[in-house]
>>> print(open('data.cif').read())   # mmCIF, C-alpha atoms
data_coords
#
loop_
_atom_site.group_PDB
_atom_site.id
_atom_site.type_symbol
_atom_site.label_atom_id
_atom_site.label_comp_id
_atom_site.auth_asym_id
_atom_site.auth_seq_id
_atom_site.Cartn_x
_atom_site.Cartn_y
_atom_site.Cartn_z
ATOM 1 C CA MET A 1 -0.482 13.621 -37.514
ATOM 2 C CA SER A 2 2.315 16.055 -36.629
ATOM 3 C CA ALA A 3 4.714 17.145 -39.343
ATOM 4 C CA THR A 4 8.068 15.394 -39.694
ATOM 5 C CA ARG A 5 10.804 17.539 -38.135
ATOM 6 C CA ILE A 6 13.903 18.242 -40.249
ATOM 7 C CA LEU A 7 17.009 20.159 -39.179
ATOM 8 C CA VAL A 8 19.063 21.789 -41.956
ATOM 9 C CA VAL A 9 22.696 22.519 -41.057
ATOM 10 C CA ASP A 10 24.666 24.614 -43.561
ATOM 11 C CA ASP A 11 26.916 27.663 -43.252
ATOM 12 C CA GLU A 12 25.554 29.183 -46.479
ATOM 13 C CA PHE A 13 22.463 31.310 -45.856
ATOM 14 C CA SER A 14 21.198 30.836 -49.411
ATOM 15 C CA ILE A 15 21.169 27.039 -49.065
ATOM 16 C CA ARG A 16 19.601 27.089 -45.590
ATOM 17 C CA SER A 17 16.877 29.433 -46.770
ATOM 18 C CA LEU A 18 16.241 27.520 -50.000
ATOM 19 C CA LEU A 19 15.934 24.146 -48.273
ATOM 20 C CA GLN A 20 13.780 25.526 -45.482
ATOM 21 C CA ARG A 21 11.279 27.076 -47.904
ATOM 22 C CA TYR A 22 11.266 24.058 -50.205
ATOM 23 C CA LEU A 23 10.701 21.502 -47.441
ATOM 24 C CA GLN A 24 8.149 23.626 -45.603
ATOM 25 C CA ARG A 25 6.080 23.818 -48.794
ATOM 26 C CA ARG A 26 6.027 20.024 -48.649
ATOM 27 C CA ASP A 27 4.611 20.059 -45.117
ATOM 28 C CA TYR A 28 7.812 19.354 -43.196
ATOM 29 C CA SER A 29 8.595 21.251 -40.004
ATOM 30 C CA VAL A 30 12.044 22.761 -40.578
ATOM 31 C CA GLU A 31 14.625 24.463 -38.362
ATOM 32 C CA VAL A 32 18.029 25.672 -39.555
ATOM 33 C CA ALA A 33 21.498 26.011 -38.041
ATOM 34 C CA GLU A 34 24.538 27.788 -39.476
ATOM 35 C CA ASN A 35 27.209 25.886 -37.562
ATOM 36 C CA GLY A 36 27.890 22.690 -35.656
ATOM 37 C CA ALA A 37 27.397 24.101 -32.162
ATOM 38 C CA ALA A 38 23.946 25.449 -33.033
ATOM 39 C CA ALA A 39 23.059 22.142 -34.684
ATOM 40 C CA LEU A 40 23.949 20.107 -31.595
ATOM 41 C CA GLN A 41 21.899 22.467 -29.433
ATOM 42 C CA LEU A 42 18.881 22.234 -31.752
ATOM 43 C CA LEU A 43 19.229 18.455 -31.771
ATOM 44 C CA LYS A 44 18.204 18.497 -28.106
ATOM 45 C CA ILE A 45 15.623 21.294 -28.314
ATOM 46 C CA PHE A 46 13.952 20.605 -31.675
ATOM 47 C CA GLN A 47 14.459 16.813 -31.607
ATOM 48 C CA PRO A 48 14.444 16.378 -35.400
ATOM 49 C CA GLN A 49 13.668 13.083 -37.065
ATOM 50 C CA LEU A 50 16.103 13.828 -39.889
ATOM 51 C CA VAL A 51 19.153 16.092 -40.221
ATOM 52 C CA ILE A 52 20.471 17.464 -43.509
ATOM 53 C CA LEU A 53 24.090 18.120 -42.568
ATOM 54 C CA ASP A 54 26.692 20.026 -44.582
ATOM 55 C CA LEU A 55 30.192 18.633 -44.244
ATOM 56 C CA ASN A 56 32.021 21.980 -44.368
ATOM 57 C CA LEU A 57 31.031 23.949 -41.267
ATOM 58 C CA PRO A 58 32.935 26.936 -39.828
ATOM 59 C CA ASP A 59 33.384 25.702 -36.258
ATOM 60 C CA ILE A 60 33.136 21.904 -36.085
ATOM 61 C CA SER A 61 33.584 19.577 -39.044
ATOM 62 C CA GLY A 62 30.481 17.877 -40.348
ATOM 63 C CA TYR A 63 32.129 14.525 -39.634
ATOM 64 C CA GLU A 64 32.458 15.405 -35.947
ATOM 65 C CA VAL A 65 28.913 16.757 -35.744
ATOM 66 C CA CYS A 66 27.643 13.565 -37.369
ATOM 67 C CA GLN A 67 29.577 11.425 -34.913
ATOM 68 C CA GLN A 68 28.280 13.361 -31.893
ATOM 69 C CA MET A 69 24.705 13.191 -33.150
ATOM 70 C CA ARG A 70 25.034 9.469 -33.704
ATOM 71 C CA GLN A 71 26.340 8.979 -30.165
ATOM 72 C CA GLU A 72 23.358 10.836 -28.711
ATOM 73 C CA THR A 73 20.465 9.717 -30.895
ATOM 74 C CA GLY A 74 19.339 7.526 -33.772
ATOM 75 C CA VAL A 75 18.297 10.524 -35.895
ATOM 76 C CA LEU A 76 18.547 10.045 -39.661
ATOM 77 C CA ILE A 77 21.473 11.966 -41.171
ATOM 78 C CA LEU A 78 21.723 13.009 -44.827
ATOM 79 C CA MET A 79 25.165 14.501 -45.434
ATOM 80 C CA LEU A 80 25.748 17.249 -48.010
ATOM 81 C CA THR A 81 29.167 18.042 -49.432
ATOM 82 C CA SER A 82 31.034 19.305 -52.460
ATOM 83 C CA ARG A 83 33.653 16.584 -51.924
ATOM 84 C CA VAL A 84 33.201 13.775 -54.404
ATOM 85 C CA SER A 85 35.926 11.222 -53.664
ATOM 86 C CA PRO A 86 34.876 7.723 -52.512
ATOM 87 C CA SER A 87 37.051 8.092 -49.410
ATOM 88 C CA ASP A 88 35.068 11.163 -48.318
ATOM 89 C CA LYS A 89 31.827 9.236 -48.703
ATOM 90 C CA LEU A 90 33.178 6.283 -46.783
ATOM 91 C CA MET A 91 34.326 8.604 -44.002
ATOM 92 C CA GLY A 92 30.805 10.025 -43.747
ATOM 93 C CA PHE A 93 29.241 6.597 -43.524
ATOM 94 C CA SER A 94 31.789 5.460 -40.960
ATOM 95 C CA GLN A 95 30.794 8.394 -38.750
ATOM 96 C CA GLY A 96 27.142 7.344 -38.898
ATOM 97 C CA ALA A 97 25.619 9.102 -41.915
ATOM 98 C CA ASP A 98 22.637 7.310 -43.468
ATOM 99 C CA ASP A 99 22.971 8.850 -46.929
ATOM 100 C CA TYR A 100 25.255 11.186 -48.859
ATOM 101 C CA LEU A 101 24.396 13.819 -51.474
ATOM 102 C CA THR A 102 26.996 15.748 -53.468
ATOM 103 C CA LYS A 103 26.688 19.467 -54.225
ATOM 104 C CA PRO A 104 25.425 20.828 -56.494
ATOM 105 C CA PHE A 105 22.209 18.840 -56.187
ATOM 106 C CA ASN A 106 18.687 19.259 -57.470
ATOM 107 C CA LEU A 107 15.835 19.690 -55.023
ATOM 108 C CA PRO A 108 13.649 16.827 -56.296
ATOM 109 C CA GLU A 109 16.511 14.368 -55.745
ATOM 110 C CA LEU A 110 17.082 15.687 -52.226
ATOM 111 C CA GLU A 111 13.365 15.372 -51.511
ATOM 112 C CA ALA A 112 13.388 11.800 -52.838
ATOM 113 C CA ARG A 113 16.329 10.865 -50.626
ATOM 114 C CA VAL A 114 14.634 12.405 -47.582
ATOM 115 C CA ALA A 115 11.458 10.434 -48.310
ATOM 116 C CA ALA A 116 13.441 7.220 -48.829
ATOM 117 C CA LEU A 117 15.225 7.593 -45.493
ATOM 118 C CA LEU A 118 11.959 8.253 -43.680
ATOM 119 C CA ARG A 119 10.342 5.215 -45.314
ATOM 120 C CA ARG A 120 13.285 3.119 -44.201
ATOM 121 C CA GLN A 121 12.919 4.319 -40.626
ATOM 122 C CA ARG A 122 9.182 3.737 -40.496
ATOM 123 C CA GLY A 123 9.426 0.395 -42.228
ATOM 124 C CA THR A 124 7.294 -0.740 -45.117
ATOM 125 C CA GLN A 125 6.730 -4.372 -44.197
ATOM 126 C CA PRO A 126 3.419 -5.476 -42.640
ATOM 127 C CA PRO A 127 3.545 -5.912 -38.847
ATOM 128 C CA THR A 128 2.540 -9.574 -39.046
ATOM 129 C CA LEU A 129 5.971 -11.094 -39.459
ATOM 130 C CA LEU A 130 7.360 -12.925 -36.457
ATOM 131 C CA PRO A 131 10.721 -11.812 -35.049
ATOM 132 C CA LEU A 132 13.804 -13.593 -36.360
ATOM 133 C CA ILE A 133 15.556 -15.450 -33.523
ATOM 134 C CA HIS A 134 19.043 -16.921 -33.817
ATOM 135 C CA SER A 135 21.533 -17.895 -31.094
ATOM 136 C CA GLY A 136 20.119 -15.466 -28.553
ATOM 137 C CA LEU A 137 19.689 -12.671 -31.105
ATOM 138 C CA MET A 138 16.163 -11.376 -31.786
ATOM 139 C CA ILE A 139 15.436 -9.141 -34.774
ATOM 140 C CA ASP A 140 11.916 -7.698 -34.597
ATOM 141 C CA LEU A 141 10.750 -6.079 -37.832
ATOM 142 C CA GLU A 142 7.539 -4.709 -36.308
ATOM 143 C CA SER A 143 9.368 -2.631 -33.699
ATOM 144 C CA ARG A 144 12.540 -2.413 -35.804
ATOM 145 C CA SER A 145 14.555 -3.440 -32.779
ATOM 146 C CA VAL A 146 17.398 -5.879 -32.154
ATOM 147 C CA LYS A 147 18.123 -7.617 -28.863
ATOM 148 C CA ARG A 148 20.979 -9.853 -27.802
ATOM 149 C CA GLY A 149 19.529 -11.619 -24.796
ATOM 150 C CA GLU A 150 17.946 -8.791 -22.795
ATOM 151 C CA GLU A 151 20.300 -6.153 -24.196
ATOM 152 C CA LEU A 152 18.836 -3.738 -26.750
ATOM 153 C CA ILE A 153 21.301 -3.117 -29.601
ATOM 154 C CA PRO A 154 21.069 0.503 -30.882
ATOM 155 C CA LEU A 155 21.206 0.242 -34.683
ATOM 156 C CA THR A 156 20.537 3.024 -37.153
ATOM 157 C CA ALA A 157 17.693 2.569 -39.652
ATOM 158 C CA LEU A 158 20.122 1.623 -42.413
ATOM 159 C CA GLU A 159 22.048 -0.780 -40.193
ATOM 160 C CA PHE A 160 18.808 -2.502 -39.212
ATOM 161 C CA ASP A 161 17.767 -2.946 -42.849
ATOM 162 C CA LEU A 162 21.175 -4.339 -43.763
ATOM 163 C CA LEU A 163 21.126 -6.794 -40.861
ATOM 164 C CA TYR A 164 17.558 -7.861 -41.648
ATOM 165 C CA ALA A 165 18.367 -8.413 -45.332
ATOM 166 C CA LEU A 166 21.052 -10.899 -44.290
ATOM 167 C CA ALA A 167 19.263 -12.496 -41.332
ATOM 168 C CA ARG A 168 16.094 -13.392 -43.214
ATOM 169 C CA CYS A 169 18.178 -15.608 -45.525
ATOM 170 C CA PRO A 170 20.503 -17.460 -43.113
ATOM 171 C CA GLY A 171 23.330 -19.276 -44.860
ATOM 172 C CA LYS A 172 22.698 -17.541 -48.186
ATOM 173 C CA VAL A 173 25.608 -15.532 -49.566
ATOM 174 C CA LEU A 174 24.575 -12.039 -50.680
ATOM 175 C CA ARG A 175 26.851 -10.035 -52.926
ATOM 176 C CA ARG A 176 27.582 -6.431 -52.047
ATOM 177 C CA SER A 177 25.747 -5.348 -55.191
ATOM 178 C CA GLN A 178 22.663 -7.286 -54.060
ATOM 179 C CA LEU A 179 22.737 -5.643 -50.647
ATOM 180 C CA ILE A 180 23.096 -2.179 -52.174
ATOM 181 C CA GLN A 181 20.147 -2.843 -54.473
ATOM 182 C CA GLU A 182 17.988 -4.132 -51.624
ATOM 183 C CA VAL A 183 18.897 -1.754 -48.803
ATOM 184 C CA TRP A 184 19.818 1.528 -50.504
ATOM 185 C CA ASP A 185 17.283 3.458 -52.541
ATOM 186 C CA PHE A 186 20.078 5.124 -54.509
ATOM 187 C CA ASN A 187 23.465 3.979 -55.804
ATOM 188 C CA HIS A 188 26.364 5.582 -53.917
ATOM 189 C CA GLY A 189 28.590 6.202 -56.898
ATOM 190 C CA GLY A 190 29.074 2.499 -57.535
ATOM 191 C CA ASP A 191 31.446 2.089 -54.581
ATOM 192 C CA GLU A 192 30.512 -1.200 -52.946
ATOM 193 C CA ARG A 193 32.861 -0.583 -50.013
ATOM 194 C CA VAL A 194 30.037 1.329 -48.368
ATOM 195 C CA VAL A 195 28.590 -2.091 -47.489
ATOM 196 C CA ASP A 196 31.816 -3.047 -45.720
ATOM 197 C CA VAL A 197 31.739 0.156 -43.677
ATOM 198 C CA HIS A 198 28.221 -0.491 -42.403
ATOM 199 C CA ILE A 199 28.872 -4.180 -41.761
ATOM 200 C CA GLY A 200 31.822 -3.092 -39.643
ATOM 201 C CA GLN A 201 29.599 -0.740 -37.642
ATOM 202 C CA ILE A 202 26.987 -3.463 -37.097
ATOM 203 C CA ARG A 203 29.621 -5.931 -35.922
ATOM 204 C CA LYS A 204 30.969 -3.438 -33.385
ATOM 205 C CA LYS A 205 27.505 -3.192 -31.856
ATOM 206 C CA LEU A 206 26.339 -6.770 -32.315
ATOM 207 C CA GLU A 207 29.281 -9.088 -31.887
ATOM 208 C CA LYS A 208 31.025 -9.872 -28.613
ATOM 209 C CA ASP A 209 34.266 -10.023 -30.601
ATOM 210 C CA PRO A 210 33.953 -8.142 -33.929
ATOM 211 C CA SER A 211 37.205 -9.708 -35.164
ATOM 212 C CA GLN A 212 35.629 -13.173 -34.762
ATOM 213 C CA PRO A 213 32.024 -12.553 -35.846
ATOM 214 C CA GLN A 214 29.348 -15.004 -34.828
ATOM 215 C CA PHE A 215 26.422 -13.649 -36.834
ATOM 216 C CA ILE A 216 27.555 -11.831 -40.002
ATOM 217 C CA LEU A 217 30.214 -13.822 -41.836
ATOM 218 C CA THR A 218 32.452 -12.583 -44.651
ATOM 219 C CA VAL A 219 32.658 -14.615 -47.846
ATOM 220 C CA ARG A 220 35.885 -13.317 -49.341
ATOM 221 C CA GLY A 221 35.660 -11.905 -52.813
ATOM 222 C CA VAL A 222 31.881 -12.254 -52.839
ATOM 223 C CA GLY A 223 29.969 -10.637 -49.989
ATOM 224 C CA TYR A 224 28.379 -11.636 -46.700
ATOM 225 C CA LYS A 225 26.058 -14.192 -45.185
ATOM 226 C CA PHE A 226 24.194 -14.550 -41.915
ATOM 227 C CA ALA A 227 25.334 -17.588 -39.949
ATOM 228 C CA PRO A 228 23.007 -20.562 -40.620
#
>>> encode(input="data.cif", output="structure tokens")
Amino acid sequence: MSATRILVVDDEFSIRSLLQRYLQRRDYSVEVAENGAAALQLLKIFQPQLVILDLNLPDISGYEVCQQMRQETGVLILMLTSRVSPSDKLMGFSQGADDYLTKPFNLPELEARVAALLRRQRGTQPPTLLPLIHSGLMIDLESRSVKRGEELIPLTALEFDLLYALARCPGKVLRRSQLIQEVWDFNHGGDERVVDVHIGQIRKKLEKDPSQPQFILTVRGVGYKFAP
């Protein structure tokens, strides 16, 4: 089995070098980039499965790099930053980041988050479950794909898990805290609005009219439910 490919994007040489050595010792294949332009080029050449992306880059902001990567591919994105406000985290998630780690961080936690994201992408459920089908929407856990009619809906790994968590219990209201516990492997600073951000992204891709959702319904003051 070939090694998982990880791209580290950070303008600080010490951090790039540290992460490259640390992850390579754990049998990952690692390339590094010092700025956004180099990262976007390596995205096409190296084709990483996961990107560790610093927010503060010298040429292009990490938010913009994240957005461009998300437009081009479904690569997993773990964002690094020294910014700690909830609004910064929400901005990262709205641009397509899968997880968010604040500097300074310890290497074992970073490694655990990387492993959790990769598990999420690969899926941990047995491939014997039948696809969920509802009003022309098919959610296939085995292939981790979503189709509306014949149209393939391009969801990120986290978006798929969030949609599946709701769709497998149609009509059941799930609180934001329940969804965080089930879908995320780590608590994002206790800010439950991260769920709202990702639900909004899913609706943009899934619903014909996101302002009048057909599949994921809001239960005000509580959470969300999948239409019964």
>>> residues_near_point(input="data.cif", point="(26.8, -4.0, -53.6)", cutoff="10 Å", atoms="all atoms listed in the file", output="MDAnalysis selection string")
chainID A and resid 174:184 187:188 190:196 222:223
>>> residues_around(input="data.cif", residues="A:Glu159", least_positions_apart="2", cutoff="10 Å", atoms="all atoms listed in the file", output="JSON, numbers by chain")
{"A": [96, 98, 154, 155, 156, 157, 161, 162, 163, 164, 165, 183, 195, 198, 199, 201, 202]}
>>> residues_around(input="data.cif", residues="A:Val146", least_positions_apart="5", cutoff="8 Å", atoms="only C-alpha atoms", output="CSV table (one decimal) with C-alpha atoms, keeping the file's coordinate frame")
chain,number,residue,atom,x,y,z
A,137,LEU,CA,19.7,-12.7,-31.1
A,138,MET,CA,16.2,-11.4,-31.8
A,139,ILE,CA,15.4,-9.1,-34.8
A,140,ASP,CA,11.9,-7.7,-34.6
A,152,LEU,CA,18.8,-3.7,-26.8
A,153,ILE,CA,21.3,-3.1,-29.6
A,154,PRO,CA,21.1,0.5,-30.9
A,155,LEU,CA,21.2,0.2,-34.7
A,160,PHE,CA,18.8,-2.5,-39.2
>>> residues_near_point(input="data.cif", point="(9.3, 18.6, -40.8)", cutoff="9 Å", atoms="all atoms listed in the file", output="PyMOL selection string")
chain A and resi 2-7+23-24+26-31+48-50
>>> atom_distance(input="data.cif", atom1="atom CA of A:Tyr224", atom2="atom CA of A:Lys172")
8.3 Å
>>> resolve_selection(input="data.cif", expression="the PyMOL selection byres ((chain A and resi 116) around 12)", output="VMD selection string")
chain A and resid 50 76 78 98 to 99 109 to 115 117 to 124 157 to 158 183 to 186
>>> resolve_selection(input="data.cif", expression="the PyMOL selection byres ((chain A and resi 36) around 7)", output="PDB file with C-alpha atoms, keeping the file's coordinate frame")
ATOM      1  CA  ASN A  35      27.209  25.886 -37.562  1.00  0.00           C
ATOM      2  CA  ALA A  37      27.397  24.101 -32.162  1.00  0.00           C
ATOM      3  CA  ALA A  38      23.946  25.449 -33.033  1.00  0.00           C
ATOM      4  CA  ALA A  39      23.059  22.142 -34.684  1.00  0.00           C
ATOM      5  CA  LEU A  40      23.949  20.107 -31.595  1.00  0.00           C
ATOM      6  CA  LEU A  57      31.031  23.949 -41.267  1.00  0.00           C
ATOM      7  CA  ASP A  59      33.384  25.702 -36.258  1.00  0.00           C
ATOM      8  CA  ILE A  60      33.136  21.904 -36.085  1.00  0.00           C
ATOM      9  CA  VAL A  65      28.913  16.757 -35.744  1.00  0.00           C
TER      10      VAL A  65
END
>>> axis_aligned_box(input="data.cif", around="stretch 148-155 of chain A", padding_each_side="5 Å", output="lines of an AutoDock Vina configuration file")
center_x = 19.6
center_y = -5.6
center_z = -28.7
size_x = 13.4
size_y = 22.1
size_z = 21.9
>>> closest_residue(input="data.cif", among="A:Leu217, A:Val32, A:Ile133, A:Val9", to="A:Ser61", atoms="only C-alpha atoms")
A:Val9
>>> closest_residue(input="data.cif", among="A:Leu166, A:Leu107, A:Leu43, A:Leu80", to="A:Arg21", atoms="all atoms listed in the file")
A:Leu107
>>> resolve_selection(input="data.cif", expression="the PyMOL selection byres ((chain A and resi 149) around 8)", output="list in words")
Gly136, Leu137, Met138, Lys147, Arg148, Glu150 and Glu151 of chain A
>>> closest_residue(input="data.cif", among="A:Cys169, A:Met79, A:Cys66, A:Met91", to="A:Ile216", atoms="all atoms listed in the file")
A:Cys169
>>> residues_around(input="data.cif", residues="A:Ser211", least_positions_apart="6", cutoff="10 Å", atoms="all atoms listed in the file", output="count of residues only")
3
>>> atom_distance(input="data.cif", atom1="atom CA of A:Lys205", atom2="atom CA of A:Tyr100")
22.4 Å
>>> residues_around(input="data.cif", residues="A:Thr102", least_positions_apart="2", cutoff="8 Å", atoms="all atoms listed in the file", output="list in words")
Leu80, Thr81, Ser82, Arg83, Val84, Tyr100, Pro104 and Phe105 of chain A
>>> write_last_selection(input="data.cif", atoms="C-alpha atoms", output="mmCIF file, in the frame of the given file")
data_model
loop_
_atom_site.group_PDB
_atom_site.id
_atom_site.type_symbol
_atom_site.label_atom_id
_atom_site.label_comp_id
_atom_site.auth_asym_id
_atom_site.auth_seq_id
_atom_site.Cartn_x
_atom_site.Cartn_y
_atom_site.Cartn_z
ATOM 1 C CA LEU A 80 25.748 17.249 -48.010
ATOM 2 C CA THR A 81 29.167 18.042 -49.432
ATOM 3 C CA SER A 82 31.034 19.305 -52.460
ATOM 4 C CA ARG A 83 33.653 16.584 -51.924
ATOM 5 C CA VAL A 84 33.201 13.775 -54.404
ATOM 6 C CA TYR A 100 25.255 11.186 -48.859
ATOM 7 C CA PRO A 104 25.425 20.828 -56.494
ATOM 8 C CA PHE A 105 22.209 18.840 -56.187
#
